[in-house]
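Notes for the one structure printed next.
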Amino acid sequence: MKILQVDDLRTYFFTSHGAVKAVDGVNFDIEKREVFGLVGESGSGKTLTALSILRLIPESARLESGKVLFNGEDMITADNDRLRSIRGAKISIVFQEPSTALNPVFTIGYQMTEAVLAHRPIGKKKARDIAINYLGKVHIPQPEKVFGDYPHQISGGAKQRVMIAMALMNSPELVILDEPTTALDVTIQAGILDLLDEILEKEKVSMLFISHDFGIISRMCDRVAVMRKGRIVEEGQTDRIINSPREPYTMSLLESVKALL
Amino acid sequence: MKRLFKDKIALASLCFIAVILAFALFAPLIATYNPTSIDVRSVLSPPSHHHILGTDTLGRDIFSRIVYGSRISLSIGFIAVGIAVLIGIFFGSVAGYYGGKIDSMIMRLVDIMLCFPTFFLILAVIALLEPSIFNIMAVIGMTSWMGVARLIRAEVLTLKERDYVSASRVMGGSDAWIIWKHLIPNAIGPVMVNATLGVGGAILVESALSFLGIGVQPPTPSWGNILMDGKSTLGVAWWLTIFPGIFILLTVLAYNLLGDRLRDMLEPRIKG
Amino acid sequence: MIRYIAKRLAGFVPVFFGITLISFFVIHLAPGKPTDIQTSLNPKVSYEARMRLERLYGLDKPLHVQYFDWLRRFVVFDFGRSYVDDRPVRAKIAERIPITLLINILSLILIFAIGIPLGIISAVRRGSFMDRLTTVFSFIGFSTPEFWLALLLMSFFSITLNWLPISGIKSLDFEYFSAAGKVLDVAKHLVLPVCISAFGGIAGISRYMRSSMVGVIHQDYIRTARAKGLNERQVIYKHALKNALLPVITIIGLAIPGLIGGSVIFESIFAIPGMGRLFYESVMARDYATIMGVLSIGAMLTLLGNLLADIAYSYADPRIRVSGER
């Protein structure tokens, strides 16, 4: 059962120097309960692909053409209300940079309950319980206190855990993670990856995992697609790609990480 | 630079400023009358063939007075800003370069100066000295250097950290010279923006002073003191009020627009 | 937050001294040499006036003694007696301050009430007709000489239309009005001055607010807000706005000296008995004692305003109000 089907997606930037084809005909599918990886260098278009799925692209970009079918429904042509009901509820996303992803003038608790109440009008108290529950699930110590804290009061790793908690609170079907550990210390990275493993075991989610790091990809993903300059160059089971890559570009990418794998 | 000329608004502003500059430089050729000659017969006459913009309470031709007035307004604007920029560069570079106590003291001075209602200060000083054109330029300059000082200080501080400064140092250049050499190309942009906007501001201050009677003294024409008559003839001679004011407005507007466009061009484009 | 405020307060002390020093310096610019060239506006300072100055400021004593005397008197606001009517300067200022403060506060309220929404709309509908219109108005707003605007409006509203009174703050038959009538009367007199005073400020604030908003809208946390499924109104008016408003608070601090200084102009034009007009009158009359008094008080008011703005900011920004990482 395919939960996500991306069909010839094209997202272009329009600058004074002409159009930049950042996502130029991308095709892939994600099966239910699968962890699908998107790997490539900076600028390959992987982040923009992820943002295109939820139509969160920057102002200077435009979804030029293509389809993104979520459980058969096209996200590209869905109306705004439908899109909003899906964002943060059926499909959620964790961004790369935790330090800027949270609004500095609202408490963590406020931002979390907001995410719940946007989709389920169950009242503040119940929303608070859910939030604290999930803060616990992501192993945040003293969840009640953190609930009332402001983002600047907790560490980067903790912030990313909060983001993950927020992404899970509404029991989404698909979680997109855009380089979730890149901005964190190496020592903290492992902790986050362990947490994600745990979540995959306990919750019934599918994941789209984006990274430039083949090492992380090999640990987390069942299947992976290699992106280069807006296009997918090669795709397949992670083991196969890593052990017998077919494309020269994939091979060169792997070369640089060989020692670590 | 080229982009500046492509921008329609900047271009329009530059053209207007050029016109006013022409007024100032070629005043005797453009003005239709001697700005100070009194003609009792045509006191307070509305715009006509003889006097394009009318005459004032002493029969002086307003158009000519405005043309000559441009000299005053522009020169005060330029020189006052020049003084402000010089003072600002001095304080800013000293503060940034030496750092520590000297830096704190200078920044403290900036804070203090910013606390004084500038206009009050200028009025007080002019009142205590005499309202000569030079005094006006000097005082306006001495009360508007703070912005430039902060800019320059920031630039110097950034430069101190830069690698090429330490590299040059290794090769034997003196600190001050290096910083100076790198400072100018980097700082010139923001300083130009500040200066352009400053000219507009200086013109406003000078005209306000002249309007109150504490600026340029009649019979020397200044756009501000022409308006002084406007106050007493309010319901009667609209041309005395409207025309000088429009010139002030348009000139200051031109400088403000120019400065704003310059600033936009200096800002690195937000990457799409 | 307390620590932040304490630090800022500590920072204000040297500024206070600096103000006293600069005012002190300004006093010494007063011409005193009997050989001064006489111009129509700078009458030769007579022997008597010079003597008064000397008595007031002790100009014959050594400089540091003079300064401490000045400082001592500054702290109790003793600025001597006015040359014009020999009343204590302190009293003259005290009776004028309320009006100036009233006008300035009303002006500030108007500036924020109109300027901020304009800035927000401009930012949210960037490039639209509304945005461009607002931008045009802003530029014209801060390029217009206030006194000219005053003259124009005065001529239009007071003379041509006769809707609003020309000058002063009360009509001649003020005493006969009912309480409500009195309020209305004062209000009518204040409309033009407040509007004119606010004009430039509105222009400035709307531009500033616009760029603040635009800066905030591009932040990551706004993307997060959308990703959570919040609707546009929540995203803009809750998440973006609160962040964009913060720096605007500090602008109040910067706007105050401008407002106080500007009061000279329109108080003179509208014959309003405020501090600005007092200053102008003293300048024309070379009443040095009052000049120094108003200048110093003006600076202190600005200092106070900045302090209030600082405190307000430290309360509003959680990053300052609540201390950092645990």
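Ordering of the structure tokens sets the chain letters (A, B, ...); residue numbers start at 1 within each chain; ligands are numbered from 1 in the order shown.
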
Give as an mmCIF file with N, CA and C atoms, in the first residue's frame every residue of chain A that touches chain B within 9 Å, counting only C-alpha atoms.
```cif
data_model
loop_
_atom_site.group_PDB
_atom_site.id
_atom_site.type_symbol
_atom_site.label_atom_id
_atom_site.label_comp_id
_atom_site.auth_asym_id
_atom_site.auth_seq_id
_atom_site.Cartn_x
_atom_site.Cartn_y
_atom_site.Cartn_z
ATOM 1 N N PHE A 13 12.687 27.891 -8.792
ATOM 2 C CA PHE A 13 12.895 29.208 -8.207
ATOM 3 C C PHE A 13 12.931 30.206 -9.339
ATOM 4 N N PHE A 14 12.367 31.376 -9.092
ATOM 5 C CA PHE A 14 12.404 32.399 -10.126
ATOM 6 C C PHE A 14 13.224 33.575 -9.633
ATOM 7 N N THR A 15 14.420 33.716 -10.181
ATOM 8 C CA THR A 15 15.292 34.813 -9.764
ATOM 9 C C THR A 15 15.477 35.765 -10.928
ATOM 10 N N PRO A 58 9.286 28.369 -0.136
ATOM 11 C CA PRO A 58 9.473 29.817 0.036
ATOM 12 C C PRO A 58 8.769 30.614 -1.053
ATOM 13 N N GLU A 59 8.620 31.926 -0.782
ATOM 14 C CA GLU A 59 7.876 32.798 -1.690
ATOM 15 C C GLU A 59 8.434 32.850 -3.086
ATOM 16 N N SER A 60 9.742 32.746 -3.196
ATOM 17 C CA SER A 60 10.322 32.915 -4.522
ATOM 18 C C SER A 60 10.265 31.650 -5.353
ATOM 19 N N ALA A 61 9.686 30.587 -4.782
ATOM 20 C CA ALA A 61 9.610 29.325 -5.531
ATOM 21 C C ALA A 61 8.172 29.074 -5.952
#
```

- Message: So that I can see what lies close to region 201-211 of chain A, please list as a ChimeraX atom specification the residues with an atom at most 10 Å from it, counting only C-alpha atoms and leaving out residues fewer than 3 positions away in the same chain.
- Response: /A:3-4,30-42,46-47,49-50,90-94,96,168,171-182,195-198,214-217,220-225

Residues of chain C at most 8 Å from chain A: nearest atom pair and distance in Å, only C-alpha atoms, as a Markdown table:
```
| residue | atom | partner | partner_atom | distance |
| --- | --- | --- | --- | --- |
| C:Gln219 | CA | A:Thr100 | CA | 7.6 |
| C:Asp220 | CA | A:Ala101 | CA | 5.2 |
| C:Tyr221 | CA | A:Ala101 | CA | 4.4 |
| C:Ile222 | CA | A:Asn103 | CA | 7.6 |
| C:Arg223 | CA | A:Leu56 | CA | 7.0 |
| C:Thr224 | CA | A:Ala101 | CA | 6.1 |
| C:Arg226 | CA | A:Leu56 | CA | 7.6 |
| C:Ala227 | CA | A:Arg87 | CA | 5.5 |
| C:Lys228 | CA | A:Gly88 | CA | 4.1 |
| C:Gly229 | CA | A:Arg84 | CA | 4.5 |
| C:Leu230 | CA | A:Ala118 | CA | 6.1 |
| C:Asn231 | CA | A:Arg84 | CA | 7.0 |
| C:His239 | CA | A:Asn103 | CA | 7.1 |
| C:Lys242 | CA | A:Val105 | CA | 7.4 |
| C:Asn243 | CA | A:Val105 | CA | 6.9 |
| C:Asp317 | CA | A:Val105 | CA | 6.6 |
| C:Pro318 | CA | A:Val105 | CA | 5.7 |
| C:Arg319 | CA | A:His152 | CA | 6.6 |
| C:Ser323 | CA | A:Gln153 | CA | 7.5 |
| C:Gly324 | CA | A:Gln153 | CA | 5.1 |
| C:Glu325 | CA | A:Gln153 | CA | 4.1 |
| C:Arg326 | CA | A:Gln153 | CA | 6.1 |
```

Residues of the last selection are to be written out with N, CA and C atoms, as a short mmCIF file (atom, residue, chain, number, x, y, z; two decimals), in the first residue's frame.
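Contents of again12.cif, as written:
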```cif
data_model
loop_
_atom_site.label_atom_id
_atom_site.label_comp_id
_atom_site.auth_asym_id
_atom_site.auth_seq_id
_atom_site.Cartn_x
_atom_site.Cartn_y
_atom_site.Cartn_z
N GLN C 219 11.12 34.12 8.93
CA GLN C 219 11.79 33.29 9.92
C GLN C 219 11.30 31.85 9.87
N ASP C 220 12.16 30.94 10.35
CA ASP C 220 11.82 29.52 10.35
C ASP C 220 10.58 29.21 11.16
N TYR C 221 10.43 29.87 12.30
CA TYR C 221 9.32 29.48 13.17
C TYR C 221 7.97 29.79 12.55
N ILE C 222 7.96 30.67 11.58
CA ILE C 222 6.70 30.92 10.88
C ILE C 222 6.37 29.73 9.99
N ARG C 223 7.42 29.16 9.40
CA ARG C 223 7.22 27.96 8.58
C ARG C 223 6.71 26.83 9.45
N THR C 224 7.29 26.72 10.66
CA THR C 224 6.84 25.68 11.59
C THR C 224 5.36 25.89 11.91
N ARG C 226 3.05 27.20 10.14
CA ARG C 226 2.22 26.74 9.02
C ARG C 226 2.22 25.23 8.93
N ALA C 227 3.41 24.63 9.18
CA ALA C 227 3.52 23.18 9.08
C ALA C 227 2.66 22.48 10.11
N LYS C 228 2.34 23.20 11.19
CA LYS C 228 1.50 22.59 12.21
C LYS C 228 0.04 22.57 11.81
N GLY C 229 -0.27 23.32 10.77
CA GLY C 229 -1.65 23.35 10.31
C GLY C 229 -2.43 24.55 10.80
N LEU C 230 -1.75 25.57 11.29
CA LEU C 230 -2.45 26.78 11.74
C LEU C 230 -2.91 27.57 10.52
N ASN C 231 -4.02 28.30 10.70
CA ASN C 231 -4.48 29.09 9.55
C ASN C 231 -3.70 30.40 9.46
N HIS C 239 1.74 34.62 15.69
CA HIS C 239 3.16 34.29 15.68
C HIS C 239 4.04 35.41 15.15
N LYS C 242 3.64 39.25 17.17
CA LYS C 242 4.21 39.44 18.49
C LYS C 242 5.73 39.67 18.40
N ASN C 243 6.37 38.94 17.50
CA ASN C 243 7.80 39.14 17.34
C ASN C 243 8.13 40.46 16.68
N ASP C 317 9.85 40.91 26.06
CA ASP C 317 10.64 39.88 25.40
C ASP C 317 10.99 38.77 26.38
N PRO C 318 10.43 37.57 26.18
CA PRO C 318 10.66 36.49 27.15
C PRO C 318 12.13 36.13 27.28
N ARG C 319 12.90 36.38 26.23
CA ARG C 319 14.30 36.02 26.29
C ARG C 319 15.03 36.85 27.34
N SER C 323 15.32 34.29 32.56
CA SER C 323 16.75 34.11 32.28
C SER C 323 17.04 32.82 31.50
N GLY C 324 18.20 32.77 30.94
CA GLY C 324 18.59 31.75 29.96
C GLY C 324 18.62 30.30 30.38
N GLU C 325 19.41 29.53 29.67
CA GLU C 325 19.42 28.08 29.82
C GLU C 325 19.65 27.61 31.24
N ARG C 326 18.90 26.56 31.57
CA ARG C 326 19.03 26.06 32.94
C ARG C 326 20.31 25.27 33.10
#
```

- Report as a PyMOL selection string the set of chain C residues whose atoms approach chain B to within 6 Å, with distances computed over only C-alpha atoms. chain C and resi 15+30+143-145+257+261+283+299+302

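Nearest residue to Pro117 (chain C), choosing from C:Met154, C:Ala94, C:Leu241, C:Leu63 and counting only C-alpha atoms: C:Leu241.
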
- Task: With a distance cut-off of 10 Å and only C-alpha atoms, select the neighbouring residues of region 138-150 of chain B, excluding the residue or stretch itself and same-chain residues fewer than 3 positions from it, and output the selection as a ChimeraX atom specification.
- Result: /B:76-96,106-107,109-111,113-114,116-119,121-123,125-126,132-135,153-156,187,190-195,198,201-203,205-206
